[in-house]
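A.B. asks: Just so it is clear, I am handing over run-v3.cif, which has mmCIF, C-alpha atoms and all ligand atoms.
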```cif
data_work
loop_
_atom_site.label_atom_id
_atom_site.label_comp_id
_atom_site.auth_asym_id
_atom_site.auth_seq_id
_atom_site.Cartn_x
_atom_site.Cartn_y
_atom_site.Cartn_z
CA VAL A 1141 29.43 -36.98 -70.96
CA ILE A 1142 27.95 -39.68 -68.70
CA LEU A 1143 25.60 -42.00 -70.56
CA GLY A 1144 23.58 -44.97 -69.37
CA ASN A 1145 21.07 -47.55 -70.47
CA ARG A 1146 18.28 -47.53 -67.90
CA SER A 1147 16.79 -50.82 -69.19
CA LEU A 1148 19.90 -52.68 -67.98
CA SER A 1149 19.68 -51.77 -64.32
CA PRO A 1150 17.11 -50.44 -61.84
CA PHE A 1151 20.05 -49.00 -59.91
CA ILE A 1152 21.34 -46.78 -62.66
CA ASP A 1153 20.87 -43.56 -60.69
CA TRP A 1154 23.23 -44.89 -58.02
CA ASP A 1155 25.72 -45.74 -60.76
CA TYR A 1156 25.49 -42.22 -62.19
CA GLY A 1157 26.24 -40.73 -58.79
CA ILE A 1158 29.17 -43.06 -58.19
CA ALA A 1159 30.58 -42.42 -61.68
CA LEU A 1160 30.19 -38.65 -61.42
CA GLN A 1161 31.80 -38.45 -57.99
CA THR A 1162 34.67 -40.74 -59.02
CA ILE A 1163 35.37 -38.71 -62.15
CA LEU A 1164 35.34 -35.43 -60.19
CA LEU A 1165 37.64 -36.79 -57.47
CA GLY A 1166 40.01 -38.31 -60.04
CA LEU A 1167 40.25 -35.05 -61.97
CA THR A 1168 40.86 -33.08 -58.78
CA GLU A 1169 43.62 -35.53 -57.84
CA LYS A 1170 45.24 -34.85 -61.23
CA GLY A 1171 45.15 -31.10 -60.60
CA LEU A 1172 42.31 -30.45 -63.01
CA GLY A 1173 39.14 -28.51 -62.35
CA ALA A 1174 35.74 -30.01 -63.08
CA CYS A 1175 32.13 -28.93 -62.95
CA ALA A 1176 29.17 -31.29 -63.01
CA ILE A 1177 26.41 -30.03 -65.28
CA ALA A 1178 22.88 -31.44 -65.30
CA SER A 1179 21.24 -28.53 -67.08
CA PHE A 1180 22.00 -29.11 -70.76
CA HIS A 1181 20.16 -29.69 -74.03
CA GLN A 1182 19.64 -33.47 -74.21
CA GLU A 1183 19.32 -33.70 -77.97
CA LYS A 1184 22.22 -31.38 -78.81
CA VAL A 1185 24.57 -33.27 -76.49
CA ARG A 1186 23.25 -36.57 -77.89
CA GLU A 1187 24.22 -35.44 -81.40
CA CYS A 1188 27.69 -34.34 -80.26
CA VAL A 1189 28.56 -37.73 -78.78
CA PHE A 1190 26.69 -39.82 -81.38
CA ALA A 1191 24.75 -41.57 -78.59
CA ALA A 1192 22.60 -44.51 -79.65
CA PRO A 1193 18.87 -44.16 -78.80
CA GLU A 1194 18.99 -46.69 -75.94
CA PHE A 1195 21.28 -44.38 -73.98
CA GLU A 1196 20.12 -41.50 -71.85
CA ILE A 1197 22.46 -38.67 -71.03
CA ALA A 1198 22.80 -38.28 -67.28
CA ALA A 1199 25.33 -35.50 -66.94
CA VAL A 1200 28.05 -33.50 -68.59
CA VAL A 1201 31.36 -32.79 -66.87
CA ALA A 1202 33.24 -29.67 -67.91
CA ILE A 1203 36.97 -30.20 -67.44
CA GLY A 1204 39.66 -27.57 -67.43
CA LYS A 1205 42.79 -26.22 -65.89
CA PRO A 1206 41.77 -24.18 -62.84
CA ILE A 1207 42.86 -20.55 -62.92
CA GLU A 1208 40.97 -19.32 -59.88
CA THR A 1209 42.10 -19.43 -56.30
CA VAL A 1210 39.27 -21.02 -54.34
CA ILE A 1211 38.95 -20.45 -50.62
CA ILE A 1212 36.54 -22.70 -48.73
CA GLU A 1213 34.58 -20.80 -46.08
CA ASP A 1214 32.51 -22.18 -43.22
CA MET A 1215 28.86 -21.93 -44.20
CA LYS A 1216 26.77 -19.63 -42.05
CA ASP A 1217 22.95 -19.70 -41.83
CA ASN A 1218 22.77 -22.25 -44.68
CA GLU A 1219 23.89 -19.53 -47.09
CA VAL A 1220 25.34 -21.17 -50.22
CA ARG A 1221 26.11 -18.00 -52.21
CA TYR A 1222 29.77 -17.55 -53.07
CA TRP A 1223 31.62 -14.28 -53.53
CA ARG A 1224 34.84 -12.90 -54.99
CA ASP A 1225 37.11 -10.57 -53.07
CA ALA A 1226 39.05 -7.56 -54.36
CA HIS A 1227 41.87 -9.89 -55.56
CA GLY A 1228 39.43 -12.02 -57.58
CA ARG A 1229 39.69 -14.96 -55.18
CA HIS A 1230 36.63 -17.15 -55.11
CA HIS A 1231 35.18 -17.72 -51.63
CA VAL A 1232 32.91 -20.76 -51.46
CA PRO A 1233 30.84 -21.51 -48.34
CA LYS A 1234 30.63 -25.21 -47.44
CA ARG A 1235 29.08 -27.10 -44.56
CA SER A 1236 31.68 -28.33 -42.11
CA GLN A 1237 32.45 -32.01 -41.62
CA GLU A 1238 30.82 -31.70 -38.19
CA GLN A 1239 27.59 -30.54 -39.79
CA LEU A 1240 27.64 -33.20 -42.49
CA ILE A 1241 28.37 -36.32 -40.48
CA TYR A 1242 25.64 -37.45 -38.16
CA ARG A 1243 27.15 -38.79 -35.00
CA LEU A 1244 25.22 -41.58 -33.32
CA TYR A 1245 27.16 -41.30 -30.11
CA SER A 1246 28.27 -37.93 -28.93
CA LYS A 1247 31.92 -37.63 -27.92
C1 LIG B 1301 24.68 -33.44 -60.24
C2 LIG B 1301 25.06 -31.98 -60.35
C3 LIG B 1301 24.57 -31.24 -61.40
C4 LIG B 1301 24.89 -29.89 -61.52
N1 LIG B 1301 24.41 -29.18 -62.56
C5 LIG B 1301 24.75 -27.88 -62.71
C6 LIG B 1301 24.28 -27.14 -63.84
O1 LIG B 1301 23.59 -27.65 -64.69
N2 LIG B 1301 24.63 -25.84 -63.92
C7 LIG B 1301 25.43 -25.23 -62.96
O2 LIG B 1301 25.71 -24.04 -63.08
N3 LIG B 1301 25.90 -25.93 -61.90
C8 LIG B 1301 25.57 -27.22 -61.75
N4 LIG B 1301 26.03 -27.94 -60.68
C9 LIG B 1301 26.89 -27.26 -59.70
C10 LIG B 1301 28.36 -27.27 -60.10
O3 LIG B 1301 28.76 -28.46 -60.73
C11 LIG B 1301 29.27 -27.11 -58.88
O4 LIG B 1301 29.04 -28.15 -57.97
C12 LIG B 1301 29.04 -25.79 -58.19
O5 LIG B 1301 29.40 -24.76 -59.08
C13 LIG B 1301 29.86 -25.67 -56.89
O6 LIG B 1301 31.21 -25.90 -57.16
P1 LIG B 1301 32.06 -26.83 -56.16
O7 LIG B 1301 31.28 -28.11 -56.03
O8 LIG B 1301 33.40 -27.00 -56.82
O9 LIG B 1301 32.14 -26.03 -54.90
C14 LIG B 1301 25.72 -29.28 -60.55
C15 LIG B 1301 26.22 -30.04 -59.49
C16 LIG B 1301 25.90 -31.37 -59.38
C17 LIG B 1301 26.46 -32.17 -58.24
#
```
Take the structure I supplied and represent it as structure tokens, if you would.
Ligand SMILES: Cc1cc2nc3c(=O)[nH]c(=O)nc-3n(C[C@H](O)[C@H](O)[C@H](O)COP(=O)(O)O)c2cc1C

C.D. replies:
Amino acid sequence: VILGNRSLSPFIDWDYGIALQTILLGLTEKGLGACAIASFHQEKVRECVFAAPEFEIAAVVAIGKPIETVIIEDMKDNEVRYWRDAHGRHHVPKRSQEQLIYRLYSK
């Protein structure tokens, strides 16, 4: 659970992003699977982690041992929907590096 005290920094949203990304990359590096979750019940999670009132809850990260085989597919027509094939493999469309990185000077 990622917590923060907004009164301490106007840049807290940047910090949340950096923390979340770092946690996800670190877990992946260790061979674990992780899923960022922003849709959760604030007060129930607050109770679970005994968070003091000055803290807001930014995100929850579900961590587990991956059991699925994930196959990254090139995204077509901005379609983000994933699918599973007959063997239960999880096909996940992603934008290519070429699409993501804006190049100032063409090659
Ligand atoms: C900040 C953030 C919040 C997210 N919140 C949710 C969520 O509340 N519920 C959900 O089903 N997926 C949520 N997702 C999407 C999943 O964490 C995950 O990114 C998605 O299932 C795609 O998996 P992949 O990134 O491993 O390809 C969120 C992603 C991000 C980056």

A.B. asks: Enclose ligand LIG 1301 (chain B), meaning all of its atoms listed in the file, in a box aligned along x, y and z, pad it by 3 Å on each side, and list the centre and edge lengths in Å to one decimal, as lines of an AutoDock Vina configuration file.

C.D. replies:
```
center_x = 28.5
center_y = -28.7
center_z = -59.8
size_x = 15.8
size_y = 15.4
size_z = 15.8
```

A.B. asks: So which one's closest to ligand LIG 1301 (chain B), A:Leu1164, A:Val1185, A:Ala1226, A:Leu1240? Using only C-alpha atoms and all ligand atoms, please.

C.D. replies: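 Ranked by minimum distance to ligand LIG 1301 (chain B), first place goes to A:Leu1164.
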
A.B. asks: Hey, which bits of chain A sit within 8 Å of ligand LIG 1301 (chain B), and for each residue what's the closest pair of atoms and how far apart in Å (one decimal), counting all atoms listed in the file, rows by chain and increasing number, as CSV?

C.D. replies:
```
residue,atom,partner,partner_atom,distance
A:Gly1157,CA,B:LIG1301,C1,7.6
A:Leu1160,CA,B:LIG1301,C1,7.7
A:Ala1174,CA,B:LIG1301,O8,7.3
A:Cys1175,CA,B:LIG1301,O3,4.1
A:Ala1176,CA,B:LIG1301,O3,3.7
A:Ile1177,CA,B:LIG1301,N1,3.5
A:Ala1178,CA,B:LIG1301,N1,3.9
A:Ser1179,CA,B:LIG1301,O1,3.5
A:Phe1180,CA,B:LIG1301,O1,6.4
A:Ala1199,CA,B:LIG1301,C3,7.0
A:Val1201,CA,B:LIG1301,O3,8.0
A:Val1232,CA,B:LIG1301,O9,6.3
A:Lys1234,CA,B:LIG1301,O9,7.7
```

A.B. asks: Of the candidates A:Ser1236, A:Phe1151, A:Glu1213, A:Ile1163, which one gets nearest to A:Val1200 if we count all atoms listed in the file?

C.D. replies: A:Ile1163

A.B. asks: Which residue out of A:Ile1197, A:Gln1237, A:Ile1211, A:Thr1168 has the minimum interatomic distance to A:Lys1184 when all atoms listed in the file are used?

C.D. replies: A:Ile1197

A.B. asks: Just to confirm, what's the straight-line distance from atom CA of A:Arg1224 to atom CA of A:Ile1207 in Å (one decimal)?

C.D. replies: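 Rounded to one decimal, the two atoms are 13.6 Å apart.
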
A.B. asks: Go through A:Ile1241, A:Val1141, A:Glu1208, A:Glu1219 one by one, measure the shortest atom-to-atom distance of each to A:Cys1188 using only C-alpha atoms, and give the residue with the smallest value.

C.D. replies: A:Val1141

A.B. asks: Counting all atoms listed in the file, figure out which residue out of A:Ala1202, A:Ile1158, A:Leu1167, A:Leu1143 gets nearest to A:Gln1182.

C.D. replies: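 Of A:Ala1202, A:Ile1158, A:Leu1167, A:Leu1143, the one nearest A:Gln1182 is A:Leu1143, counting all atoms listed in the file.
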
A.B. asks: What does the structure give for the distance between atom CA of A:Asp1214 and atom CA of A:Gly1171, in Å to one decimal?

C.D. replies: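 According to the coordinates, atom CA of A:Asp1214 and atom CA of A:Gly1171 are separated by 23.3 Å.
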
A.B. asks: Distance atom CA of A:Gly1204-atom CA of A:Gly1144, one decimal place?

C.D. replies: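 Distance between the two atoms: 23.8 Å.
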